[in-house]
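Asks: One file is attached below, final-v1.cif, containing mmCIF, C-alpha atoms and all ligand atoms.
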```cif
data_upload
#
loop_
_atom_site.label_atom_id
_atom_site.label_comp_id
_atom_site.auth_asym_id
_atom_site.auth_seq_id
_atom_site.Cartn_x
_atom_site.Cartn_y
_atom_site.Cartn_z
CA MET F 1385 50.61 91.14 159.32
CA THR F 1386 53.97 89.38 159.23
CA ALA F 1387 57.04 91.51 159.47
CA THR F 1388 60.07 90.89 157.25
CA SER F 1389 63.49 90.62 158.85
CA ILE F 1390 66.10 93.03 157.39
CA ARG F 1391 69.69 94.02 158.10
CA ALA F 1392 70.19 97.76 158.33
CA ALA F 1393 72.77 100.34 159.44
CA VAL F 1394 71.32 102.09 162.49
CA LEU F 1395 72.55 105.28 164.11
CA ASP F 1396 71.34 105.24 167.69
CA ARG F 1397 71.90 108.97 168.06
CA PRO F 1398 74.10 111.53 166.27
CA GLY F 1399 77.78 111.29 167.15
CA VAL F 1400 78.09 107.56 167.83
CA PRO F 1401 79.24 104.75 165.48
CA ILE F 1402 76.72 103.01 163.25
CA ARG F 1403 75.69 99.47 164.16
CA ILE F 1404 74.36 96.81 161.84
CA GLU F 1405 71.14 95.47 163.32
CA THR F 1406 68.45 92.99 162.34
CA LEU F 1407 65.09 94.76 162.33
CA ASP F 1408 61.46 93.99 161.55
CA LEU F 1409 59.97 95.72 158.52
CA ASP F 1410 56.17 96.07 158.32
CA PRO F 1411 54.24 95.12 155.18
CA PRO F 1412 53.89 98.22 152.93
CA GLY F 1413 51.09 100.49 154.12
CA GLU F 1414 48.78 102.81 152.21
CA GLY F 1415 50.77 104.83 149.66
CA GLU F 1416 54.00 102.92 150.36
CA VAL F 1417 56.05 100.52 148.28
CA ARG F 1418 58.28 97.73 149.53
CA VAL F 1419 61.66 97.81 147.78
CA ARG F 1420 64.75 95.61 147.74
CA MET F 1421 67.81 97.88 147.79
CA VAL F 1422 70.32 97.15 145.03
CA ALA F 1423 72.87 99.94 145.62
CA ALA F 1424 73.35 102.83 148.04
CA GLY F 1425 75.95 105.60 147.91
CA VAL F 1426 77.61 107.10 150.96
CA CYS F 1427 77.08 110.88 150.88
CA HIS F 1428 78.66 113.48 153.15
CA SER F 1429 75.16 114.39 154.37
CA ASP F 1430 75.03 110.95 156.07
CA LEU F 1431 78.39 111.78 157.63
CA HIS F 1432 77.08 115.15 158.88
CA VAL F 1433 74.36 113.22 160.74
CA ARG F 1434 76.71 110.43 161.87
CA ASP F 1435 79.13 113.00 163.33
CA GLY F 1436 76.41 114.96 165.10
CA GLU F 1437 76.80 118.10 162.95
CA TRP F 1438 73.09 117.93 162.14
CA ASP F 1439 70.85 117.02 164.99
CA ARG F 1440 68.48 114.22 164.05
CA GLU F 1441 66.17 112.05 166.08
CA GLY F 1442 67.33 108.45 166.56
CA PRO F 1443 67.51 105.57 166.31
CA ILE F 1444 67.50 106.03 162.56
CA ILE F 1445 68.58 104.01 159.51
CA LEU F 1446 70.89 106.34 157.59
CA GLY F 1447 71.33 106.51 153.80
CA HIS F 1448 69.50 108.74 151.34
CA GLU F 1449 71.15 107.86 148.02
CA GLY F 1450 69.87 104.58 146.68
CA ALA F 1451 68.51 102.43 143.88
CA ALA F 1452 66.08 99.62 144.48
CA VAL F 1453 63.78 97.14 142.81
CA ILE F 1454 60.10 97.23 143.72
CA GLU F 1455 58.85 94.08 145.44
CA GLU F 1456 55.34 94.91 146.56
CA LEU F 1457 52.84 97.77 146.36
CA GLY F 1458 50.92 98.94 149.38
CA PRO F 1459 47.16 99.70 149.19
CA GLY F 1460 46.21 102.49 146.79
CA VAL F 1461 49.57 102.69 145.00
CA ALA F 1462 48.68 100.87 141.75
CA ALA F 1463 45.85 103.29 140.96
CA ARG F 1464 47.83 106.47 141.66
CA HIS F 1465 51.27 105.42 140.36
CA PRO F 1466 50.78 103.28 137.25
CA GLY F 1467 54.56 103.18 136.58
CA LEU F 1468 55.23 101.34 139.83
CA ARG F 1469 55.07 97.53 139.57
CA PRO F 1470 57.02 94.70 141.12
CA GLY F 1471 60.35 94.31 139.33
CA VAL F 1472 60.70 97.98 138.30
CA LEU F 1473 64.12 99.61 138.95
CA VAL F 1474 63.74 102.90 140.82
CA ALA F 1475 66.06 105.64 142.01
CA LEU F 1476 64.94 106.93 145.40
CA ALA F 1477 64.24 110.61 146.05
CA TRP F 1478 65.13 112.04 149.47
CA LEU F 1479 62.62 114.82 149.21
CA ILE F 1480 59.01 114.40 148.21
CA PRO F 1481 56.93 117.58 148.14
CA CYS F 1482 54.05 118.25 150.54
CA GLY F 1483 52.22 120.10 147.78
CA THR F 1484 50.88 122.89 149.98
CA CYS F 1485 53.79 124.88 151.50
CA ARG F 1486 55.06 128.13 150.04
CA GLY F 1487 57.90 126.47 148.09
CA CYS F 1488 55.57 123.86 146.60
CA ARG F 1489 52.91 126.44 145.74
CA SER F 1490 55.56 128.44 143.86
CA GLY F 1491 56.22 125.37 141.70
CA ARG F 1492 59.70 124.90 143.20
CA THR F 1493 59.04 121.64 144.96
CA TRP F 1494 62.74 121.20 145.84
CA LEU F 1495 62.22 124.06 148.30
CA CYS F 1496 59.45 122.18 150.12
CA SER F 1497 59.71 123.04 153.81
CA ALA F 1498 57.05 120.62 155.04
CA SER F 1499 58.13 117.52 153.16
CA PRO F 1500 56.97 114.28 154.75
CA SER F 1501 60.49 113.02 153.92
CA TYR F 1502 61.87 115.29 156.64
CA THR F 1503 59.83 113.49 159.31
CA HIS F 1504 61.96 110.36 158.61
CA ARG F 1505 58.74 108.35 158.85
CA MET F 1506 56.22 107.02 156.38
CA PRO F 1507 53.57 109.46 155.11
CA SER F 1508 51.19 107.91 157.68
CA GLY F 1509 53.41 109.45 160.35
CA LEU F 1510 54.53 106.02 161.56
CA ALA F 1511 57.85 104.19 161.36
CA ALA F 1512 57.86 101.01 159.27
CA THR F 1513 60.97 99.50 160.91
CA HIS F 1514 61.19 98.27 164.48
CA ARG F 1515 63.63 96.54 166.78
CA PRO F 1516 62.45 92.97 167.36
CA ALA F 1517 60.33 91.96 170.33
CA GLY F 1518 58.76 95.37 170.80
CA ALA F 1519 62.11 97.07 171.50
CA GLY F 1520 61.02 100.29 169.76
CA ASP F 1521 60.67 102.05 166.41
CA VAL F 1522 63.61 102.85 164.16
CA LEU F 1523 63.24 105.85 161.84
CA THR F 1524 64.44 105.97 158.22
CA TYR F 1525 66.51 108.91 157.00
CA CYS F 1526 64.42 111.06 154.64
CA ALA F 1527 61.81 108.27 154.69
CA ILE F 1528 64.03 106.11 152.43
CA GLY F 1529 66.87 104.95 154.77
CA THR F 1530 68.87 103.32 151.99
CA PHE F 1531 71.44 101.62 154.23
CA ALA F 1532 69.11 98.63 154.55
CA GLU F 1533 68.48 95.46 152.56
CA ARG F 1534 64.80 96.27 152.15
CA GLN F 1535 62.65 99.28 152.93
CA ASN F 1536 59.19 100.68 152.67
CA VAL F 1537 59.29 104.06 150.95
CA PRO F 1538 56.61 106.59 150.01
CA ALA F 1539 55.41 105.74 146.49
CA ALA F 1540 56.23 109.29 145.36
CA ALA F 1541 59.89 108.74 146.32
CA ALA F 1542 60.27 105.74 144.00
CA ILE F 1543 61.14 107.05 140.55
CA PRO F 1544 61.40 104.50 137.72
CA VAL F 1545 64.54 104.79 135.59
CA ASP F 1546 65.61 102.88 132.47
CA PRO F 1547 66.22 99.30 133.64
CA ALA F 1548 69.54 99.35 131.75
CA THR F 1549 70.89 101.98 134.18
CA PRO F 1550 73.76 100.50 136.21
CA HIS F 1551 72.56 100.14 139.80
CA ALA F 1552 75.35 102.28 141.27
CA VAL F 1553 74.60 105.07 138.80
CA ALA F 1554 70.87 104.90 139.59
CA ALA F 1555 71.77 105.18 143.28
CA LEU F 1556 73.98 108.23 142.74
CA ILE F 1557 71.22 109.88 140.71
CA GLY F 1558 69.27 109.78 143.98
CA CYS F 1559 71.55 112.41 145.50
CA CYS F 1560 74.99 113.56 144.34
CA VAL F 1561 74.45 113.46 140.58
CA THR F 1562 71.11 115.27 140.74
CA THR F 1563 72.49 117.75 143.28
CA GLY F 1564 75.62 118.67 141.33
CA VAL F 1565 74.38 118.44 137.76
CA GLY F 1566 71.19 120.31 138.69
CA ALA F 1567 73.12 123.01 140.59
CA MET F 1568 74.92 123.85 137.36
CA THR F 1569 72.28 123.20 134.70
CA LYS F 1570 69.16 124.24 136.62
CA THR F 1571 69.93 126.46 139.64
CA ALA F 1572 72.78 128.41 138.01
CA ASP F 1573 71.73 127.88 134.38
CA VAL F 1574 75.37 127.73 133.23
CA GLN F 1575 75.68 129.08 129.70
CA PRO F 1576 77.67 127.57 126.82
CA GLY F 1577 81.15 129.05 126.69
CA SER F 1578 81.01 130.45 130.22
CA SER F 1579 83.61 129.90 132.93
CA VAL F 1580 82.91 127.77 135.99
CA VAL F 1581 84.94 127.01 139.12
CA VAL F 1582 84.03 124.11 141.40
CA ILE F 1583 85.53 124.07 144.92
CA GLY F 1584 85.42 120.63 146.58
CA LEU F 1585 85.47 117.51 144.43
CA GLY F 1586 83.53 114.79 146.22
CA GLY F 1587 80.53 113.12 144.60
CA VAL F 1588 78.66 116.42 144.66
CA GLY F 1589 81.48 118.65 143.36
CA LEU F 1590 82.48 116.23 140.61
CA SER F 1591 78.82 116.13 139.59
CA CYS F 1592 78.98 119.93 139.36
CA VAL F 1593 81.97 119.45 137.02
CA MET F 1594 79.93 117.01 134.90
CA GLY F 1595 76.99 119.43 134.91
CA ALA F 1596 79.17 122.34 133.81
CA ALA F 1597 80.60 120.18 130.99
CA LEU F 1598 77.09 119.10 129.97
CA ALA F 1599 76.01 122.76 129.85
CA GLY F 1600 78.92 123.54 127.52
CA ALA F 1601 81.00 125.69 129.86
CA GLY F 1602 84.19 126.77 128.06
CA THR F 1603 86.42 126.84 131.14
CA ILE F 1604 85.95 124.51 134.09
CA VAL F 1605 88.43 124.86 136.93
CA ALA F 1606 88.31 122.22 139.67
CA VAL F 1607 89.70 122.92 143.16
CA ASP F 1608 90.40 120.46 145.99
CA ARG F 1609 93.01 119.93 148.68
CA VAL F 1610 93.50 116.29 147.58
CA ALA F 1611 95.53 115.81 144.38
CA ALA F 1612 93.75 112.59 143.29
CA LYS F 1613 90.47 114.53 143.09
CA LEU F 1614 91.96 116.87 140.50
CA GLU F 1615 92.78 113.96 138.22
CA ALA F 1616 89.20 112.67 138.52
CA ALA F 1617 87.89 116.15 137.66
CA ARG F 1618 89.99 116.31 134.50
CA GLU F 1619 88.51 113.01 133.35
CA LEU F 1620 85.03 114.44 133.85
CA GLY F 1621 85.64 117.62 131.86
CA ALA F 1622 87.69 120.05 133.97
CA THR F 1623 89.97 122.16 131.79
CA GLY F 1624 92.14 123.32 134.69
CA THR F 1625 92.82 122.31 138.28
CA ILE F 1626 94.11 123.91 141.47
CA LEU F 1627 95.51 122.06 144.45
CA ALA F 1628 94.26 124.13 147.39
CA GLY F 1629 96.79 124.64 150.17
CA ALA F 1630 96.32 126.25 153.56
CA ASP F 1631 96.63 129.75 152.09
CA GLY F 1632 93.24 130.82 150.72
CA ASP F 1633 94.75 133.93 149.08
CA GLU F 1634 96.99 131.75 146.92
CA THR F 1635 93.99 129.67 145.81
CA LEU F 1636 92.08 132.87 145.05
CA ALA F 1637 94.95 134.19 142.94
CA ALA F 1638 95.15 130.87 141.06
CA ILE F 1639 91.39 130.92 140.39
CA ARG F 1640 91.61 134.47 139.00
CA ASP F 1641 94.59 133.45 136.87
CA LEU F 1642 92.77 130.54 135.24
CA THR F 1643 89.46 132.34 134.70
CA ASP F 1644 90.46 135.68 133.24
CA GLY F 1645 89.88 137.50 136.53
CA GLY F 1646 87.14 135.31 138.02
CA PRO F 1647 84.51 132.76 136.94
CA ASP F 1648 80.99 133.48 135.72
CA VAL F 1649 79.85 130.80 138.17
CA CYS F 1650 81.68 129.50 141.25
CA ALA F 1651 80.23 126.45 143.00
CA GLU F 1652 81.13 125.57 146.58
CA ALA F 1653 80.56 121.87 147.23
CA ILE F 1654 82.09 121.35 150.67
CA GLY F 1655 80.19 123.43 153.25
CA LEU F 1656 83.02 125.30 154.99
CA PRO F 1657 82.88 129.05 155.78
CA ALA F 1658 86.41 129.58 154.36
CA THR F 1659 85.58 128.03 150.99
CA ILE F 1660 82.13 129.66 150.84
CA GLU F 1661 83.87 133.02 151.38
CA LEU F 1662 86.47 132.05 148.78
CA ALA F 1663 83.73 131.29 146.24
CA ILE F 1664 82.11 134.68 146.81
CA ALA F 1665 85.46 136.52 146.77
CA SER F 1666 86.40 134.90 143.45
CA LEU F 1667 83.50 136.43 141.54
CA PRO F 1668 84.08 139.05 138.85
CA VAL F 1669 81.39 141.67 138.28
CA GLY F 1670 78.13 139.91 137.42
CA GLY F 1671 79.42 136.58 138.74
CA THR F 1672 77.32 134.05 140.63
CA ALA F 1673 78.33 131.92 143.62
CA VAL F 1674 76.29 128.72 143.92
CA LEU F 1675 76.37 127.29 147.43
CA VAL F 1676 75.83 123.54 147.31
CA GLY F 1677 77.89 122.29 150.28
CA MET F 1678 76.05 122.09 153.58
CA THR F 1679 77.61 123.45 156.79
CA PRO F 1680 76.92 122.20 160.29
CA PHE F 1681 73.87 123.99 161.72
CA GLY F 1682 74.46 127.55 162.99
CA VAL F 1683 77.54 128.32 160.86
CA ARG F 1684 77.88 131.78 159.28
CA ALA F 1685 79.91 133.14 156.37
CA SER F 1686 80.49 136.77 155.41
CA PHE F 1687 81.47 138.92 152.43
CA GLU F 1688 82.30 142.55 151.73
CA ALA F 1689 79.01 144.19 150.89
CA PHE F 1690 79.94 147.22 148.76
CA PRO F 1691 81.69 145.48 145.83
CA PHE F 1692 79.07 142.75 145.97
CA VAL F 1693 76.29 145.25 145.32
CA ASP F 1694 78.30 147.58 143.09
CA GLY F 1695 79.35 144.65 140.89
CA GLY F 1696 75.93 143.04 140.62
CA ARG F 1697 77.18 139.76 142.05
CA ARG F 1698 74.82 137.00 143.16
CA ILE F 1699 74.77 134.19 145.70
CA LEU F 1700 72.40 131.27 145.09
CA GLY F 1701 71.66 128.43 147.46
CA SER F 1702 71.02 125.18 145.61
CA ASN F 1703 68.96 122.44 147.24
CA TYR F 1704 68.80 119.02 145.53
CA GLY F 1705 69.92 120.59 142.24
CA SER F 1706 66.52 122.30 141.89
CA ALA F 1707 65.25 118.85 140.97
CA ASP F 1708 61.86 117.52 140.12
CA PRO F 1709 62.91 113.88 140.58
CA ALA F 1710 60.09 112.41 138.49
CA VAL F 1711 61.34 114.45 135.52
CA ASP F 1712 65.05 114.72 136.22
CA PHE F 1713 65.98 111.21 137.45
CA PRO F 1714 64.97 109.48 134.19
CA ARG F 1715 66.61 112.30 132.24
CA TYR F 1716 69.95 111.91 134.05
CA ALA F 1717 69.77 108.13 133.65
CA ALA F 1718 69.17 108.58 129.90
CA LEU F 1719 72.08 111.01 129.64
CA HIS F 1720 74.30 108.44 131.36
CA LEU F 1721 73.19 105.69 128.99
CA ALA F 1722 73.85 108.02 126.05
CA GLY F 1723 77.43 108.49 127.26
CA ARG F 1724 76.97 112.15 128.20
CA LEU F 1725 77.02 111.85 132.02
CA PRO F 1726 79.81 109.47 133.08
CA ALA F 1727 78.53 109.13 136.65
CA ASP F 1728 79.98 105.60 136.94
CA ARG F 1729 83.42 107.23 137.26
CA LEU F 1730 82.41 108.62 140.65
CA VAL F 1731 82.35 105.14 142.15
CA THR F 1732 85.73 104.45 143.75
CA GLY F 1733 84.81 101.78 146.29
CA ARG F 1734 82.28 99.01 146.88
CA ILE F 1735 81.42 97.65 150.31
CA GLY F 1736 78.83 95.71 152.27
CA LEU F 1737 76.78 97.34 155.03
CA ASP F 1738 79.44 96.50 157.61
CA GLY F 1739 82.03 98.59 155.72
CA LEU F 1740 80.18 101.84 156.44
CA GLU F 1741 82.23 103.15 159.35
CA ASP F 1742 85.42 102.62 157.30
CA ALA F 1743 83.80 104.46 154.37
CA PHE F 1744 82.97 107.38 156.67
CA GLY F 1745 86.60 107.40 157.86
CA ALA F 1746 87.85 107.55 154.26
CA MET F 1747 85.43 110.39 153.51
CA ARG F 1748 86.69 112.41 156.50
CA ARG F 1749 90.22 112.03 155.11
CA GLY F 1750 89.13 112.95 151.58
CA GLU F 1751 90.03 109.52 150.20
CA GLY F 1752 88.08 108.21 147.21
CA VAL F 1753 84.92 109.75 145.77
CA ARG F 1754 81.77 107.65 146.16
CA THR F 1755 81.68 104.40 148.08
CA VAL F 1756 78.71 102.29 147.05
CA ILE F 1757 77.10 99.59 149.16
CA GLY F 1758 76.07 96.55 147.16
CA PHE F 1759 73.33 94.32 148.53
CA ASP F 1760 73.57 90.61 148.04
CA GLU F 1761 70.31 88.65 148.23
CA THR F 1762 72.03 85.99 150.24
CA ALA F 1763 73.75 88.36 152.70
N1 LIG F 1801 72.72 121.17 148.47
C1 LIG F 1801 72.30 119.91 148.49
O1 LIG F 1801 71.16 119.62 148.17
C2 LIG F 1801 73.25 118.83 148.90
C3 LIG F 1801 72.99 117.51 148.56
C4 LIG F 1801 73.92 116.53 148.88
C5 LIG F 1801 75.06 116.87 149.59
N2 LIG F 1801 75.26 118.18 149.94
C6 LIG F 1801 76.45 118.59 150.67
O2 LIG F 1801 77.52 118.76 149.76
C7 LIG F 1801 78.75 118.64 150.46
C8 LIG F 1801 79.69 117.71 149.71
O3 LIG F 1801 79.19 116.39 149.74
P1 LIG F 1801 80.08 115.19 149.18
O4 LIG F 1801 79.32 113.95 149.46
O5 LIG F 1801 80.54 115.48 147.80
O6 LIG F 1801 81.32 115.28 150.20
P2 LIG F 1801 82.80 114.70 150.11
O7 LIG F 1801 83.31 114.65 151.51
O8 LIG F 1801 82.84 113.45 149.30
O9 LIG F 1801 83.60 115.81 149.27
C9 LIG F 1801 84.12 116.98 149.84
C10 LIG F 1801 85.39 117.34 149.05
O10 LIG F 1801 85.87 118.59 149.56
C11 LIG F 1801 87.28 118.50 149.67
N3 LIG F 1801 87.70 119.47 150.69
C12 LIG F 1801 87.48 119.43 152.02
N4 LIG F 1801 87.99 120.53 152.60
C13 LIG F 1801 88.54 121.26 151.63
C14 LIG F 1801 89.22 122.52 151.59
N5 LIG F 1801 89.41 123.22 152.71
N6 LIG F 1801 89.62 122.99 150.40
C15 LIG F 1801 89.44 122.29 149.26
N7 LIG F 1801 88.82 121.10 149.22
C16 LIG F 1801 88.37 120.59 150.40
C17 LIG F 1801 87.53 117.04 150.05
O11 LIG F 1801 88.87 116.66 149.74
C18 LIG F 1801 86.50 116.32 149.20
O12 LIG F 1801 87.02 116.01 147.92
C19 LIG F 1801 78.39 118.16 151.88
O13 LIG F 1801 78.36 119.27 152.76
C20 LIG F 1801 77.00 117.60 151.69
O14 LIG F 1801 76.25 117.61 152.88
C21 LIG F 1801 74.39 119.15 149.59
ZN ZN F 1802 73.36 113.30 149.73
ZN ZN F 1803 55.93 121.65 150.34
#
```
Would you encode the structure as structure tokens?
Replies:
Amino acid sequence: MTATSIRAAVLDRPGVPIRIETLDLDPPGEGEVRVRMVAAGVCHSDLHVRDGEWDREGPIILGHEGAAVIEELGPGVAARHPGLRPGVLVALAWLIPCGTCRGCRSGRTWLCSASPSYTHRMPSGLAATHRPAGAGDVLTYCAIGTFAERQNVPAAAAIPVDPATPHAVAALIGCCVTTGVGAMTKTADVQPGSSVVVIGLGGVGLSCVMGAALAGAGTIVAVDRVAAKLEAARELGATGTILAGADGDETLAAIRDLTDGGPDVCAEAIGLPATIELAIASLPVGGTAVLVGMTPFGVRASFEAFPFVDGGRRILGSNYGSADPAVDFPRYAALHLAGRLPADRLVTGRIGLDGLEDAFGAMRRGEGVRTVIGFDETA
């Protein structure tokens, strides 16, 4: 068994800078496929881990938003996954269902609580990447670790998409597009003509804007504290924008102004208690807050209970846009190719693996939307 040498972005432990290392990658095992990464997006969830807001075991190759080309199938894959062959373009899913937990049994596989992806190892329970000369295993974030030139991934995480899909778009379908578009079209089931507010306009929030537009929302108000984000939202279908200042009450008043007293659906796509509370406070009677942004562990938010109950309001958590990747990834790719999901507009920067720490810095400052890592065969 000869290992392949790969370059990858490794986080030794949460809270420290990423380092680019050369690692050994095992041949693909039972139920795994070897892929060559072609594009990987930088998502705020990677930054949560990088900054130690979510405790994760290390060392680990970060990255959970990626597109790749299949190079080799491990034993047993060809028979069970006839769509997977060398040369096929796949978008990678960061959550594959266990099939037996309560969420999976209810048919809502995006709620899987025992996903093998969350072990950050291959389905065998082992790591496929190692530091050379027996210097120890390196885990892979959500079992796909897309900040690497090559990876082994569980076959179920490799979802074929139309080969005409631009690589960066296929990568973004792996997380932010599916998360945001699905939050609006699937979790919240936004209705034609309804009013939607989206708070926070990164890759996830702008995908909520695209999802609301796709669902035919009549009013889409986009809110961010960075002016450039508002412009991007308008291009993706927002009908109104609000530049959020330090005063939450002013933002609330502006939201009510632009939505005839409050939106039918208000999405929060940041993960801050103040904006989660703002989303809930903005609701008119019968309104729904969709919480998409992820907070650091242990954070709480609150709301006034009486009007919430009296007014029949709702709060929904939305994980992975309620996605079934095998169904939804090809669908979102097809919508992009048909000109109805302009996800390419989310890409504001392209880097190599060694640009990651700078990309994280830009994300902390709210600069740009999605930075995409391109992988050069010769790199
Ligand atoms: N629910 C899911 O399944 C899921 C999936 C992927 C990501 N996420 C989470 O979604 C969140 C957003 O991810 P992203 O990659 O789009 O992040 P991002 O950092 O690119 O975007 C966040 C946006 O919020 C804006 N913002 C920050 N503070 C603000 C404030 N106080 N008021 C108004 N705007 C503010 C920033 O300017 C930025 O535009 C993260 O918490 C991420 O972990 C959730
Ligand atoms: Zn993500
Ligand atoms: Zn499950």
Asks: Residues within 6 Å of ligand ZN 1803 (chain F) (only C-alpha atoms and all ligand atoms), as an NGL selection string?
Replies: :F and (1481-1485 or 1487-1488 or 1496-1499)
Asks: With all atoms listed in the file as the atoms that count, which of F:Pro1398, F:Gly1670, F:Gly1739, F:Gly1602 lies nearest to Ile1445 (chain F)?
Replies: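 Once distances to Ile1445 (chain F) are computed over all atoms listed in the file, the minimum belongs to F:Pro1398.
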Asks: Please provide as a PyMOL selection string all residues within 7 Å of region 1413-1430 of chain F, with the sequence filter that same-chain residues fewer than 6 positions apart are discarded (counting all atoms listed in the file).
Replies: chain F and resi 1446-1447+1449-1461+1530-1539+1551-1552+1555-1556+1754-1759
Asks: List as JSON, numbers by chain the residues having at least one atom at most 12 Å from position (70.4, 119.5, 141.2) as given in the file, counting all atoms listed in the file.
Replies: {"F": [1477, 1494, 1495, 1556, 1557, 1558, 1559, 1560, 1561, 1562, 1563, 1564, 1565, 1566, 1567, 1568, 1569, 1570, 1571, 1572, 1573, 1588, 1589, 1591, 1592, 1594, 1595, 1596, 1674, 1675, 1676, 1701, 1702, 1703, 1704, 1705, 1706, 1707, 1708, 1709, 1711, 1712, 1713, 1716]}
Asks: Mind pulling up the distance from CA of Val1522 (chain F) to CA of Gly1733 (chain F)?
Replies: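 Atom-to-atom, CA of Gly1733 (chain F) and CA of Val1522 (chain F) are spaced 27.7 Å apart.
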Asks: Taking (77.3, 136.1, 137.4) in the file's coordinates, which residues come within 9 Å, counting only C-alpha atoms, written as an mmCIF file with C-alpha atoms, in the frame of the given file?
Replies:
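Saved as part.cif:
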```
data_model
loop_
_atom_site.group_PDB
_atom_site.id
_atom_site.type_symbol
_atom_site.label_atom_id
_atom_site.label_comp_id
_atom_site.auth_asym_id
_atom_site.auth_seq_id
_atom_site.Cartn_x
_atom_site.Cartn_y
_atom_site.Cartn_z
ATOM 1 C CA ALA F 1572 72.780 128.410 138.010
ATOM 2 C CA PRO F 1647 84.510 132.760 136.940
ATOM 3 C CA ASP F 1648 80.990 133.480 135.720
ATOM 4 C CA VAL F 1649 79.850 130.800 138.170
ATOM 5 C CA CYS F 1650 81.680 129.500 141.250
ATOM 6 C CA LEU F 1667 83.500 136.430 141.540
ATOM 7 C CA PRO F 1668 84.080 139.050 138.850
ATOM 8 C CA VAL F 1669 81.390 141.670 138.280
ATOM 9 C CA GLY F 1670 78.130 139.910 137.420
ATOM 10 C CA GLY F 1671 79.420 136.580 138.740
ATOM 11 C CA THR F 1672 77.320 134.050 140.630
ATOM 12 C CA ALA F 1673 78.330 131.920 143.620
ATOM 13 C CA GLY F 1696 75.930 143.040 140.620
ATOM 14 C CA ARG F 1697 77.180 139.760 142.050
ATOM 15 C CA ARG F 1698 74.820 137.000 143.160
ATOM 16 C CA ILE F 1699 74.770 134.190 145.700
#
```
Asks: Report as a VMD selection string all protein, DNA and RNA residues lying within 8 Å of Glu1661 (chain F), evaluated on all atoms listed in the file, omitting residues in the same chain fewer than 5 positions from it.
Replies: chain F and resid 1685 to 1687
Asks: Keeping C-alpha atoms for every residue in the selection just given, could you write it to a file as a CSV table (one decimal), in the coordinates of the input?
Replies:
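Below you can see selection_16.csv, which holds the result:
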```
chain,number,residue,atom,x,y,z
F,1685,ALA,CA,79.9,133.1,156.4
F,1686,SER,CA,80.5,136.8,155.4
F,1687,PHE,CA,81.5,138.9,152.4
```
Asks: Write out as AutoDock Vina command-line options an axis-aligned box for region 1468-1486 of chain F: all of its atoms listed in the file, 4 Å added on each side, centre and edge lengths in Å with one decimal.
Replies:
```
--center_x 58.5 --center_y 111.2 --center_z 144.9 --size_x 23.2 --size_y 41.8 --size_z 21.2
```
Asks: Write out as a ChimeraX atom specification each polymer residue whose atoms come within 8 Å of region 1439-1443 of chain F, counting only C-alpha atoms; drop sequence neighbours fewer than 3 positions from it.
Replies: /F:1394-1398,1433,1436,1521-1523
Asks: Create the file for the chosen residues now, containing C-alpha atoms and written as a PDB file, in the coordinates of the input.
Replies:
```
ATOM      1  CA  VAL F1394      71.320 102.090 162.490  1.00  0.00           C
ATOM      2  CA  LEU F1395      72.550 105.280 164.110  1.00  0.00           C
ATOM      3  CA  ASP F1396      71.340 105.240 167.690  1.00  0.00           C
ATOM      4  CA  ARG F1397      71.900 108.970 168.060  1.00  0.00           C
ATOM      5  CA  PRO F1398      74.100 111.530 166.270  1.00  0.00           C
ATOM      6  CA  VAL F1433      74.360 113.220 160.740  1.00  0.00           C
ATOM      7  CA  GLY F1436      76.410 114.960 165.100  1.00  0.00           C
ATOM      8  CA  ASP F1521      60.670 102.050 166.410  1.00  0.00           C
ATOM      9  CA  VAL F1522      63.610 102.850 164.160  1.00  0.00           C
ATOM     10  CA  LEU F1523      63.240 105.850 161.840  1.00  0.00           C
TER      11      LEU F1523
END
```
Asks: Choose the residue, out of F:Ile1583, F:Ile1444, F:Leu1730, F:Val1574, that has the smallest atom-to-atom separation from Ala1527 (chain F); count all atoms listed in the file.
Replies: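 Among the listed residues, the smallest separation from Ala1527 (chain F) belongs to F:Ile1444.
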Asks: Might you pull out every residue within 10 Å of Leu1740 (chain F), with all atoms listed in the file counted and same-chain residues fewer than 3 positions away left off, and present them as JSON, numbers by chain?
Replies: {"F": [1393, 1401, 1402, 1403, 1404, 1426, 1531, 1735, 1736, 1737, 1743, 1744, 1745, 1746, 1755, 1756, 1757]}
Asks: Identify which of the residues F:Ala1622, F:Pro1466, F:Ala1653, F:Arg1724 lies closest to Ala1542 (chain F), counting only C-alpha atoms when measuring atom-to-atom distances.
Replies: F:Pro1466
Asks: Using all atoms listed in the file, which of the listed residues (F:Glu1652, F:Glu1405, F:Asp1728, F:Asp1694) sits closest to ligand LIG 1801 (chain F)?
Replies: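 With all atoms listed in the file as the atom set, the closest residue is F:Glu1652.
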Asks: Just the number, please: distance in Å from CA of Gly1632 (chain F) to atom C11 of ligand LIG 1801 (chain F), one decimal.
Replies: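 Spanning CA of Gly1632 (chain F) to atom C11 of ligand LIG 1801 (chain F) is a straight-line distance of 13.7 Å.
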Asks: Enter the distance from atom O11 of ligand LIG 1801 (chain F) to CA of Asp1608 (chain F), in Å, rounded to one decimal.
Replies: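 Atom-to-atom, atom O11 of ligand LIG 1801 (chain F) and CA of Asp1608 (chain F) are spaced 5.6 Å apart.
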